[in-house]
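**Student:** Questions regarding the structure given below will be posed in turn.
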Amino acid sequence: MQINIYYVHDLIDRIGELVGEMWRIKNLFNNTQYKINVITSPLYKCPRVNKSAFNIAMRDVNVIFTSDFNSVERSQIENSLPALVKEKNNIVVILTKGLPVKSFYKKYFQEKPEFYFSLTEVDLKRGSQIRRAFNIPEKAPIITLHVRESGYLPCLDYHSYRDASINNFMPTVKFLIENGFYVIRLGDKSMKKIINAPPQFIDAPFHSQYTDFVDIYFISQSTFYLGCPSGPFCIAMAFDVPILSTNTIILSVAGWHSGIIKMYKKYYSNKLNRFLSYEEILSSPLLHYARTENYQKAGVELIENTPEEILAATKEILERLNGNYFNKEEKHINLRIKDIHKRILYLHKRNKNEQDHILISTDQISTEFIKLNPNFLGHDWSI
């Protein structure tokens with residue numbers, strides 16, 4: 001008997017929620033015995049939704065639109081689900097918000113996911129037309145760049161701790177262009193526009209030929225994705241594109257991705273007048289902070305990655321992708337990180353006041369980032 005999976009999804013105008021959640025759900029139920037159904041708002045009620053992302057994320061999914069999200073609570077929709085979908089015979093599983101994320105991390109903590117999004121031949125032909133419109137040679141290698149700013153969703157000012165400055169990325173953009181890459185910057189027109197940029201740097205939202213398919217196509221074709229964890233980041237993850245994650249926050253969340261390298265924002269304590277170490281952050285309530293005011297109350301400033309850090313990590317990921325990266329300190333550094341993780345997991349397990357289940361990311365931390373911040377691991381790694 002076929003099992004019907006119903007998921008109530010009312011945040012489709014947030015591209016990270018849209019693509020990330022559907023990718024996780026398709027991995028959790030990647031079997032012909034399951035039929036995935038999504039209940040969501042009509043697209044006209046979500047003016048910011050990327051319709052290309054929606055169409056790709058919802059391929060092979062039955063979509064049920066309802067206008068009730070603006071007038072009733074999610075729980076009311078979930079309670080009325082059987083009447084809404086008129087389900088009688090088949091087994092029904094209702095997914096509530098947050099469950100797909102937790103279940104996905106539990107299943108794929110250290111395993112490769114089974115499903116990734118891909119483009120059809122029709123999509124690729126459309127992408128070739130976009131390349132020509134953007135004056136990018138068919139075989140030219142591409143890097144997609146996204147630096148989160150607050151203009152897209154100013155109502156989410158409590159997420160301003162995730163923002164960063166495009167200026168810190170420009171030396172890296174110059175390096176990539178000098179090495180034959182085209183750099184496609186993604187985002188929206190509320191971002192700071194780059195003036196007098198070279199032709200190999202394309203500020204996509206300001207381009208006359210920009211459409212919402214631009215984000216999907218160029219990320220899927222990227223040598224790697226560069227930038228902050230945000231909506232486009234989720235697209236890269238869902239297409240299995242290598243990622244250099246900059247200005248990342250250390251959170252109690254884990255996931256598996258075949259080619260991710262992370263650089264964290266630096267945590268400066270105004271009380272201690274110094275930067276906090278990785279171990280100090282993991283063993284403190286900071287691990288659970290997801291709002292700007294949390295950091296402000298704790299007297300902690302989040303410091304962006306510097307141009308030097310971003311450039312060094314960019315060279316690192318390119319060398320890793322080419323199989324040429326070698327650093328004699330890396331083995332010792334990785335052993336040190338594993339040792340820290342073991343101690344932190346033991347600490348949280350003993351402390352009953354902490355959250356029941358702590359997941360610490362096992363993704364690769366940039367070796368070059370650690371070398372430039374010798375106190376990050378509580379030890380001087382300089383030679």
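Starting from 1 in every chain, residues are counted up; chains themselves are A, B, ... following the order of the structure tokens, and ligands are numbered from 1 as listed.
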With a distance cut-off of 9 Å and only C-alpha atoms, select the neighbouring residues of region 128-139 of chain A, excluding the residue or stretch itself and same-chain residues fewer than 5 positions from it, and output the selection as a list in words.
**Tutor:** Asp123, Tyr182, Pro199, Gln200, Ile202, Ala204, His207, Gln209, Tyr210, Val214, Tyr217 and Phe218 of chain A
**Student:** As a PyMOL selection string, please: all residues of region 35-71 of chain A that backbone DSSP puts in helix (DSSP H, G or I).
**Tutor:** chain A and resi 43-45+51-57+68-70
**Student:** Could you give me, as a VMD selection string, each residue of region 200-290 of chain A that DSSP assigns to strand (DSSP E or B) when run on this structure's backbone?
**Tutor:** chain A and resid 201 to 203 224 to 227 243 to 248 260 to 264 266 to 269 274 to 275
**Student:** In terms of the shortest atom-to-atom distance over only C-alpha atoms, which of A:Pro171, A:Leu18, A:Tyr264, A:Ile25 is closest to Lys315 (chain A)?
**Tutor:**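 Closest residue, counting only C-alpha atoms: A:Pro171.
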**Student:** Quick one: contact table of region 88-160 of chain A to region 230-247 of chain A, 10 Å max, nearest atom pair and distance in Å to one decimal per residue, counting only C-alpha atoms, chain and number order, as a Markdown table?
**Tutor:**
```
| residue | atom | partner | partner_atom | distance |
| --- | --- | --- | --- | --- |
| A:Pro113 | CA | A:Asp240 | CA | 9.5 |
| A:Phe115 | CA | A:Ala238 | CA | 8.4 |
| A:Tyr116 | CA | A:Phe239 | CA | 5.4 |
| A:Phe117 | CA | A:Phe239 | CA | 5.0 |
| A:Ser118 | CA | A:Phe239 | CA | 6.3 |
| A:Leu119 | CA | A:Phe239 | CA | 9.1 |
| A:Thr144 | CA | A:Pro232 | CA | 9.1 |
| A:Leu145 | CA | A:Pro232 | CA | 8.8 |
| A:His146 | CA | A:Pro232 | CA | 7.0 |
| A:Val147 | CA | A:Ser230 | CA | 8.6 |
| A:Arg148 | CA | A:Ser230 | CA | 6.9 |
```
**Student:** Would you give me, as JSON lines, each residue of region 110-221 of chain A having an atom within 8 Å of an atom of region 31-53 of chain A, along with its shortest atom pair and that distance in Å to one decimal, using only C-alpha atoms and sorting by chain and residue number?
**Tutor:**
```
{"residue": "A:Asp212", "atom": "CA", "partner": "A:Asn50", "partner_atom": "CA", "distance": 5.7}
{"residue": "A:Phe213", "atom": "CA", "partner": "A:Ser52", "partner_atom": "CA", "distance": 5.3}
{"residue": "A:Ile216", "atom": "CA", "partner": "A:Ala53", "partner_atom": "CA", "distance": 6.7}
```
**Student:** Keeping only N, CA and C atoms, write those residues as a PDB file, in the first residue's frame.
**Tutor:**
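Produced file result15.pdb, reproduced below:
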```pdb
ATOM      1  N   ASP A 212      14.401  34.683 -12.370  1.00  0.00           N
ATOM      2  CA  ASP A 212      14.620  33.872 -11.169  1.00  0.00           C
ATOM      3  C   ASP A 212      15.283  32.531 -11.477  1.00  0.00           C
ATOM      4  N   PHE A 213      15.356  32.151 -12.751  1.00  0.00           N
ATOM      5  CA  PHE A 213      16.050  30.920 -13.126  1.00  0.00           C
ATOM      6  C   PHE A 213      17.564  31.101 -13.100  1.00  0.00           C
ATOM      7  N   ILE A 216      19.180  29.465 -10.031  1.00  0.00           N
ATOM      8  CA  ILE A 216      19.184  28.005 -10.099  1.00  0.00           C
ATOM      9  C   ILE A 216      20.240  27.515 -11.079  1.00  0.00           C
TER      10      ILE A 216
END
```
**Student:** Work out how far apart CA of Ala57 (chain A) and CA of Thr120 (chain A) are and give it in Å to one decimal.
**Tutor:**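 If I compute the distance from CA of Ala57 (chain A) to CA of Thr120 (chain A), I get 12.9 Å.
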**Student:** Could you pull the residues within 12 Å of region 196-198 of chain A, counting only C-alpha atoms, minus those fewer than 4 positions along the same chain, as a list in words?
**Tutor:**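 Once the adjacent positions are removed, what remains is Met170, Val173, Lys174, Leu176, Ile177, Glu178, Phe181, Tyr182, Val183, Ile184, Arg185, Ile202, Asp203 and Ala204 of chain A.
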**Student:** Please produce a file of the residues just selected, as an mmCIF file, in the first residue's frame, where the atoms kept are N, CA and C atoms.
**Tutor:**
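part-v3.cif written:
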```cif
data_model
loop_
_atom_site.group_PDB
_atom_site.id
_atom_site.type_symbol
_atom_site.label_atom_id
_atom_site.label_comp_id
_atom_site.auth_asym_id
_atom_site.auth_seq_id
_atom_site.Cartn_x
_atom_site.Cartn_y
_atom_site.Cartn_z
ATOM 1 N N MET A 170 35.894 41.256 -2.434
ATOM 2 C CA MET A 170 36.372 41.760 -3.715
ATOM 3 C C MET A 170 37.803 41.334 -4.061
ATOM 4 N N VAL A 173 37.316 37.995 -5.527
ATOM 5 C CA VAL A 173 36.719 38.112 -6.860
ATOM 6 C C VAL A 173 37.802 38.415 -7.882
ATOM 7 N N LYS A 174 38.689 39.342 -7.547
ATOM 8 C CA LYS A 174 39.791 39.698 -8.448
ATOM 9 C C LYS A 174 40.679 38.485 -8.718
ATOM 10 N N LEU A 176 39.866 35.270 -8.546
ATOM 11 C CA LEU A 176 39.137 34.282 -9.353
ATOM 12 C C LEU A 176 39.093 34.690 -10.817
ATOM 13 N N ILE A 177 38.853 35.962 -11.068
ATOM 14 C CA ILE A 177 38.806 36.449 -12.447
ATOM 15 C C ILE A 177 40.173 36.299 -13.111
ATOM 16 N N GLU A 178 41.226 36.614 -12.378
ATOM 17 C CA GLU A 178 42.581 36.474 -12.915
ATOM 18 C C GLU A 178 42.912 35.018 -13.244
ATOM 19 N N PHE A 181 37.948 32.528 -14.052
ATOM 20 C CA PHE A 181 36.559 32.295 -13.649
ATOM 21 C C PHE A 181 35.684 33.512 -13.949
ATOM 22 N N TYR A 182 34.413 33.234 -14.191
ATOM 23 C CA TYR A 182 33.380 34.260 -14.162
ATOM 24 C C TYR A 182 32.706 34.165 -12.798
ATOM 25 N N VAL A 183 32.530 35.303 -12.153
ATOM 26 C CA VAL A 183 31.917 35.328 -10.826
ATOM 27 C C VAL A 183 30.515 35.925 -10.957
ATOM 28 N N ILE A 184 29.498 35.139 -10.566
ATOM 29 C CA ILE A 184 28.101 35.569 -10.652
ATOM 30 C C ILE A 184 27.615 35.871 -9.244
ATOM 31 N N ARG A 185 27.349 37.132 -8.979
ATOM 32 C CA ARG A 185 26.834 37.508 -7.669
ATOM 33 C C ARG A 185 25.306 37.441 -7.674
ATOM 34 N N ILE A 202 29.627 39.532 -12.666
ATOM 35 C CA ILE A 202 28.268 39.857 -13.087
ATOM 36 C C ILE A 202 27.382 40.010 -11.858
ATOM 37 N N ASP A 203 26.917 41.227 -11.637
ATOM 38 C CA ASP A 203 25.993 41.531 -10.547
ATOM 39 C C ASP A 203 24.595 41.168 -11.034
ATOM 40 N N ALA A 204 24.258 39.893 -10.932
ATOM 41 C CA ALA A 204 23.098 39.330 -11.629
ATOM 42 C C ALA A 204 21.782 40.077 -11.407
#
```
**Student:** Of the candidates A:Tyr346, A:Tyr105, A:Trp23, A:Phe54, which one gets nearest to Ser283 (chain A) if we count only C-alpha atoms?
**Tutor:**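 Among the listed residues, the smallest separation from Ser283 (chain A) belongs to A:Tyr346.
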**Student:** Write out as a list in words the residues lying within 6 Å of region 291-308 of chain A, counting only C-alpha atoms and excluding same-chain residues fewer than 6 positions away.
**Tutor:** Tyr158, His159, Tyr161, Asn168, Phe169, Asn247, Lys265, Lys266, Tyr267, Tyr268, Ser269 and Asn270 of chain A
**Student:** Keeping only N, CA and C atoms, write the selected residues to a file as a PDB file, in the first residue's frame.
**Tutor:**
```pdb
ATOM      1  N   TYR A 158      16.184  40.592  13.348  1.00  0.00           N
ATOM      2  CA  TYR A 158      16.797  39.732  14.363  1.00  0.00           C
ATOM      3  C   TYR A 158      17.777  38.728  13.749  1.00  0.00           C
ATOM      4  N   HIS A 159      17.843  38.690  12.415  1.00  0.00           N
ATOM      5  CA  HIS A 159      18.814  37.839  11.731  1.00  0.00           C
ATOM      6  C   HIS A 159      19.992  38.645  11.185  1.00  0.00           C
ATOM      7  N   TYR A 161      22.674  39.340  12.451  1.00  0.00           N
ATOM      8  CA  TYR A 161      23.965  38.746  12.819  1.00  0.00           C
ATOM      9  C   TYR A 161      24.517  37.870  11.694  1.00  0.00           C
ATOM     10  N   ASN A 168      34.531  42.771   1.552  1.00  0.00           N
ATOM     11  CA  ASN A 168      35.535  41.816   2.014  1.00  0.00           C
ATOM     12  C   ASN A 168      35.780  40.687   1.009  1.00  0.00           C
ATOM     13  N   PHE A 169      34.914  40.574   0.013  1.00  0.00           N
ATOM     14  CA  PHE A 169      35.035  39.503  -0.977  1.00  0.00           C
ATOM     15  C   PHE A 169      35.726  39.964  -2.266  1.00  0.00           C
ATOM     16  N   ASN A 247      31.558  33.348   6.938  1.00  0.00           N
ATOM     17  CA  ASN A 247      30.756  34.042   7.955  1.00  0.00           C
ATOM     18  C   ASN A 247      29.688  33.134   8.561  1.00  0.00           C
ATOM     19  N   LYS A 265      32.409  33.095  11.651  1.00  0.00           N
ATOM     20  CA  LYS A 265      32.611  34.423  12.196  1.00  0.00           C
ATOM     21  C   LYS A 265      33.358  34.278  13.519  1.00  0.00           C
ATOM     22  N   LYS A 266      34.114  35.297  13.888  1.00  0.00           N
ATOM     23  CA  LYS A 266      34.861  35.251  15.145  1.00  0.00           C
ATOM     24  C   LYS A 266      34.020  35.893  16.247  1.00  0.00           C
ATOM     25  N   TYR A 267      34.013  35.253  17.402  1.00  0.00           N
ATOM     26  CA  TYR A 267      33.193  35.679  18.535  1.00  0.00           C
ATOM     27  C   TYR A 267      34.063  36.476  19.507  1.00  0.00           C
ATOM     28  N   TYR A 268      33.799  37.769  19.607  1.00  0.00           N
ATOM     29  CA  TYR A 268      34.580  38.611  20.514  1.00  0.00           C
ATOM     30  C   TYR A 268      33.762  38.919  21.760  1.00  0.00           C
ATOM     31  N   SER A 269      34.305  38.564  22.933  1.00  0.00           N
ATOM     32  CA  SER A 269      33.639  38.804  24.200  1.00  0.00           C
ATOM     33  C   SER A 269      34.063  40.160  24.760  1.00  0.00           C
ATOM     34  N   ASN A 270      33.101  41.048  24.911  1.00  0.00           N
ATOM     35  CA  ASN A 270      33.392  42.355  25.504  1.00  0.00           C
ATOM     36  C   ASN A 270      33.688  42.242  26.995  1.00  0.00           C
TER      37      ASN A 270
END
```
**Student:** Figure out the distance between CA of Ile365 (chain A) and CA of Ser165 (chain A), please, to one decimal in Å.
**Tutor:**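 So the answer is 21.1 Å.
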**Student:** Can you work out which one of A:Glu280, A:Ser222, A:Tyr289, A:Leu28 has the shortest atom-to-atom distance to Lys106 (chain A), counting only C-alpha atoms?
**Tutor:**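 Of all the options, A:Leu28 lies closest to Lys106 (chain A).
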**Student:** Which one of A:Tyr6, A:Phe376, A:Tyr325, A:Phe175 sits closest to Arg274 (chain A) if you count only C-alpha atoms?
**Tutor:**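 Under the stated criterion, the closest residue is A:Phe376.
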